[in-house]
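J.: One structure, as structure tokens, below. Some questions next.
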Amino acid sequence: MEPVDYALLGLCIVLFGSWCVNVSIHFLAIIYGKWRLTRKLKPAVPEELPGISIIKPLVGVDPHLFDNLETFFTMKYPQYEILFCVQDELDSVIMVIQSLILKYPKVDAKLFIGAKSVGVNPKINNMIKGYEASKYDLFLISDSSLKMKEDTLMDMALLMKDKVGLVQQLPYLCDRSGFSSHAEKIFFGTQHAKMYISANVVGINCASGMSTLFRKDLIEDAGGLASFGKYLAEDYFLAQAVLDRGYRVQLSSQTAYQNSGHYSLISFHDRLIRWTKLRIATVPTTLFFEPIYQCFMLGLIMSFVTQYLFDWSPLVFFLVHVLLWFLLDYILISVIQDGPLPFSKFEFLVGWLVNELSYFSLIVRAHWDPNITWRNRKYRIRWGGISTRISTAPEDNPLEKK
């Protein structure tokens, strides 16, 4: 009888435990997503609803911009204002904003032109004037590519209860045509959604700046919005400021519908690379844990672990692992979609494989050049998330999604 290598045995047990945790995270995301994202909140008495200031940083015009912005004018909410922030007075987006203000004169909407430099983050610089002019105790930061439902603001406001300091929407996509849009939708409905939902359940900071409602007094207590201009990942640090003050982060029962008119697989992958670089610099532990929580990497590792522990066939385990992961991802995106998916099961399989298999190349590209390029500007991210600008461009672009 061969002697037992207790170090190897212990490592295999830990790895098998991590596989069990990952499967549990999948089930947790599906169960909580089904409960939260299909839950309908009861409307409140209009007089009891707080006023909300919506801050919209904008630059440039894309084919869906007018339709996206118009949904903010047609929301059914008793008291809110829209604060449009544009840094360049020659930007054609100003005409779009003005046409909507004229079309909906009863909506409290204002336009602020010109950025105010408070740090390296161009989005923060563009929003400062609108933030300083906001008149309500709650403010919503909303990306330009988002499309709102009539009751979205109502849903978010009803969740802002005692000891809740931030309400955010799960990033997702509108139904659009084309494989690149399908691949992006599959990513946000599977890999991203699994970690995003489960992190919110257990109270881990996993914030997105796409559509986030804040208590203004908490951000003021943290130094105001301007104090976050030194970070490119300002959404993470804004959420952390809320958590540090003893308040909770809540997930809206409606997803944030991204509806950009310009999209491609290349731009989507560039976006994921930026996010990877920001995560590594902001939360360094992701450098070690993220790779082994990907489907194929974890499957390969666990094939040998289960062979050592249980004498199972590595090939059989790997195939069962991939099939289980695929099925759980399909269930999860179906829960988030809450309706028919805009692609067939075969198209889902192809998009899912592209996302899973491209992860390794994206990680390599992220490490190959640790600096971040954001709209022709280059930034160096130091540990802790503080950013410095390496080079400049003619203008900042806060519309670009991080």
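Letters for chains follow the order of the structure tokens (A, B, ...), residue numbers begin at 1 for each chain, and ligand numbers begin at 1 in the order shown.
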Which neighbours of stretch 360-373 of chain A fall inside 7 Å, counting only C-alpha atoms, when residues of the same chain fewer than 6 positions from it are skipped, and could you give them as a compact mmCIF listing (two decimals) with C-alpha atoms, in the first residue's frame?

T.:
```
# COMPACT_ATOMS: atom_id res chain seq x y z
CA ILE A 273 -10.39 43.45 -20.95
CA ARG A 274 -10.80 46.90 -19.37
CA THR A 276 -10.47 42.68 -15.99
CA LYS A 277 -7.66 45.20 -15.55
CA TYR A 379 -4.33 55.33 -17.74
CA ARG A 380 -2.11 53.53 -15.27
CA ILE A 381 -4.00 51.87 -12.41
```

J.: Which residues of stretch 89-175 of chain A sit at most 9 Å from stretch 34-42 of chain A, using only C-alpha atoms? Give each one's shortest atom pair and distance in Å (one decimal place), in chain and ascending residue order, as a tab-separated table.

T.:
```
residue	atom	partner	partner_atom	distance
A:Met154	CA	A:Leu41	CA	8.9
A:Asp155	CA	A:Leu41	CA	6.7
A:Leu158	CA	A:Leu41	CA	7.6
A:Leu159	CA	A:Leu41	CA	8.8
```

J.: Per DSSP on the backbone, what are the strand (DSSP E or B) residues of stretch 15-192 of chain A, as a ChimeraX atom specification?

T.: /A:52-58,80-86,108-113,138-142,146-147,164-168,171-173

J.: Env of stretch 179-188 of chain A: 12 Å cut, atoms = only C-alpha atoms, seq-sep filter 5 positions within chain, self excluded. Answer as an mmCIF file with C-alpha atoms, in the first residue's frame.

T.:
```
data_model
loop_
_atom_site.group_PDB
_atom_site.id
_atom_site.type_symbol
_atom_site.label_atom_id
_atom_site.label_comp_id
_atom_site.auth_asym_id
_atom_site.auth_seq_id
_atom_site.Cartn_x
_atom_site.Cartn_y
_atom_site.Cartn_z
ATOM 1 C CA LEU A 170 -28.437 43.970 -12.912
ATOM 2 C CA PRO A 171 -26.710 44.805 -16.236
ATOM 3 C CA TYR A 172 -28.404 43.059 -19.149
ATOM 4 C CA LEU A 173 -29.213 43.763 -22.812
ATOM 5 C CA CYS A 174 -32.215 44.575 -24.940
ATOM 6 C CA ALA A 193 -25.132 37.441 -13.835
ATOM 7 C CA LYS A 194 -24.072 34.420 -11.786
ATOM 8 C CA MET A 195 -21.373 36.319 -9.899
ATOM 9 C CA TYR A 196 -23.315 39.607 -9.787
ATOM 10 C CA ILE A 197 -26.473 38.128 -8.290
ATOM 11 C CA THR A 255 -32.572 44.680 -15.164
ATOM 12 C CA ALA A 256 -30.643 47.540 -16.750
ATOM 13 C CA TYR A 257 -31.430 47.260 -20.455
ATOM 14 C CA GLN A 258 -28.362 48.270 -22.439
ATOM 15 C CA ASN A 259 -29.390 49.360 -25.917
ATOM 16 C CA SER A 260 -26.346 50.818 -27.615
ATOM 17 C CA GLY A 261 -26.676 51.363 -31.356
ATOM 18 C CA HIS A 262 -23.025 50.497 -31.982
ATOM 19 C CA TYR A 263 -21.788 47.045 -31.022
ATOM 20 C CA SER A 264 -19.336 44.398 -32.209
ATOM 21 C CA LEU A 265 -17.492 41.393 -30.797
ATOM 22 C CA ILE A 266 -14.221 43.332 -30.830
ATOM 23 C CA SER A 267 -15.590 46.269 -28.830
ATOM 24 C CA PHE A 268 -17.280 43.850 -26.425
ATOM 25 C CA HIS A 269 -14.009 42.009 -25.793
ATOM 26 C CA ASP A 270 -12.139 45.296 -25.362
ATOM 27 C CA ARG A 271 -14.681 46.223 -22.725
ATOM 28 C CA LEU A 272 -14.161 42.929 -20.882
ATOM 29 C CA PHE A 326 -24.153 24.716 -19.755
ATOM 30 C CA ASP A 329 -26.313 28.852 -17.529
ATOM 31 C CA TYR A 330 -29.221 28.309 -19.906
ATOM 32 C CA ILE A 331 -31.666 28.178 -16.997
ATOM 33 C CA LEU A 332 -30.141 31.328 -15.493
ATOM 34 C CA ILE A 333 -30.394 33.427 -18.663
ATOM 35 C CA SER A 334 -33.960 32.184 -19.168
ATOM 36 C CA ILE A 336 -33.276 36.804 -16.299
ATOM 37 C CA GLN A 337 -34.913 37.145 -19.718
ATOM 38 C CA LEU A 341 -34.830 34.313 -25.774
ATOM 39 C CA PRO A 342 -34.049 36.125 -29.052
ATOM 40 C CA PHE A 343 -31.931 33.212 -30.300
ATOM 41 C CA SER A 344 -32.200 29.440 -30.702
ATOM 42 C CA LYS A 345 -30.641 26.869 -28.373
ATOM 43 C CA PHE A 346 -27.973 26.199 -31.015
ATOM 44 C CA GLU A 347 -27.141 29.918 -31.226
ATOM 45 C CA PHE A 348 -26.947 29.980 -27.438
ATOM 46 C CA LEU A 349 -24.506 27.053 -27.529
ATOM 47 C CA VAL A 350 -22.251 28.802 -30.057
ATOM 48 C CA GLY A 351 -22.324 32.104 -28.163
ATOM 49 C CA TRP A 352 -21.730 30.313 -24.859
ATOM 50 C CA LEU A 353 -18.710 28.457 -26.263
ATOM 51 C CA VAL A 354 -17.256 31.667 -27.702
ATOM 52 C CA ASN A 355 -17.561 33.399 -24.322
ATOM 53 C CA GLU A 356 -16.111 30.506 -22.342
ATOM 54 C CA SER A 358 -12.276 33.427 -25.255
ATOM 55 C CA TYR A 359 -11.739 33.984 -21.526
#
```

J.: Produce a table with one row for each residue of stretch 186-265 of chain A that has an atom at most 8 Å from any atom of stretch 111-134 of chain A, each row naming the nearest atom pair and its distance in Å at one decimal; use only C-alpha atoms; arrange rows by chain and rising residue number; format as JSON lines.

T.:
```
{"residue": "A:Leu225", "atom": "CA", "partner": "A:Ile128", "partner_atom": "CA", "distance": 7.2}
{"residue": "A:Ala226", "atom": "CA", "partner": "A:Val118", "partner_atom": "CA", "distance": 5.7}
{"residue": "A:Ser227", "atom": "CA", "partner": "A:Val118", "partner_atom": "CA", "distance": 7.5}
{"residue": "A:Phe228", "atom": "CA", "partner": "A:Ile124", "partner_atom": "CA", "distance": 7.5}
{"residue": "A:Gly229", "atom": "CA", "partner": "A:Gly119", "partner_atom": "CA", "distance": 4.3}
{"residue": "A:Lys230", "atom": "CA", "partner": "A:Gly119", "partner_atom": "CA", "distance": 4.8}
{"residue": "A:Tyr231", "atom": "CA", "partner": "A:Asn121", "partner_atom": "CA", "distance": 6.3}
{"residue": "A:Leu232", "atom": "CA", "partner": "A:Asn121", "partner_atom": "CA", "distance": 5.4}
```

J.: With N, CA and C atoms retained, export the selected residues as a compact mmCIF listing (two decimals), in the first residue's frame.

T.:
```
# COMPACT_ATOMS: atom_id res chain seq x y z
N LEU A 225 -19.18 63.51 -4.67
CA LEU A 225 -18.87 62.77 -5.90
C LEU A 225 -17.49 63.12 -6.43
N ALA A 226 -17.06 64.37 -6.24
CA ALA A 226 -15.77 64.80 -6.76
C ALA A 226 -14.61 64.01 -6.18
N SER A 227 -14.75 63.55 -4.96
CA SER A 227 -13.65 62.82 -4.31
C SER A 227 -13.40 61.46 -4.94
N PHE A 228 -14.33 60.99 -5.80
CA PHE A 228 -14.16 59.70 -6.46
C PHE A 228 -13.59 59.87 -7.87
N GLY A 229 -13.24 61.08 -8.25
CA GLY A 229 -12.68 61.33 -9.57
C GLY A 229 -11.30 60.74 -9.78
N LYS A 230 -10.63 60.35 -8.71
CA LYS A 230 -9.29 59.76 -8.84
C LYS A 230 -9.34 58.28 -9.22
N TYR A 231 -10.54 57.71 -9.25
CA TYR A 231 -10.71 56.31 -9.61
C TYR A 231 -11.37 56.17 -10.98
N LEU A 232 -10.92 55.21 -11.78
CA LEU A 232 -11.66 54.87 -12.99
C LEU A 232 -12.83 53.95 -12.65
```

J.: Just want the 7 Å neighbourhood of A:Ala222, counted on only C-alpha atoms, with same-chain residues fewer than 3 positions away dropped. Output as a PyMOL selection string.

T.: chain A and resi 218-219+241

J.: For a test of reading the model, state the distance in Å between atom CA of A:Val167 and atom CA of A:Glu47, rounded to one decimal.

T.: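 Separating atom CA of A:Val167 from atom CA of A:Glu47 is a distance of 20.6 Å.
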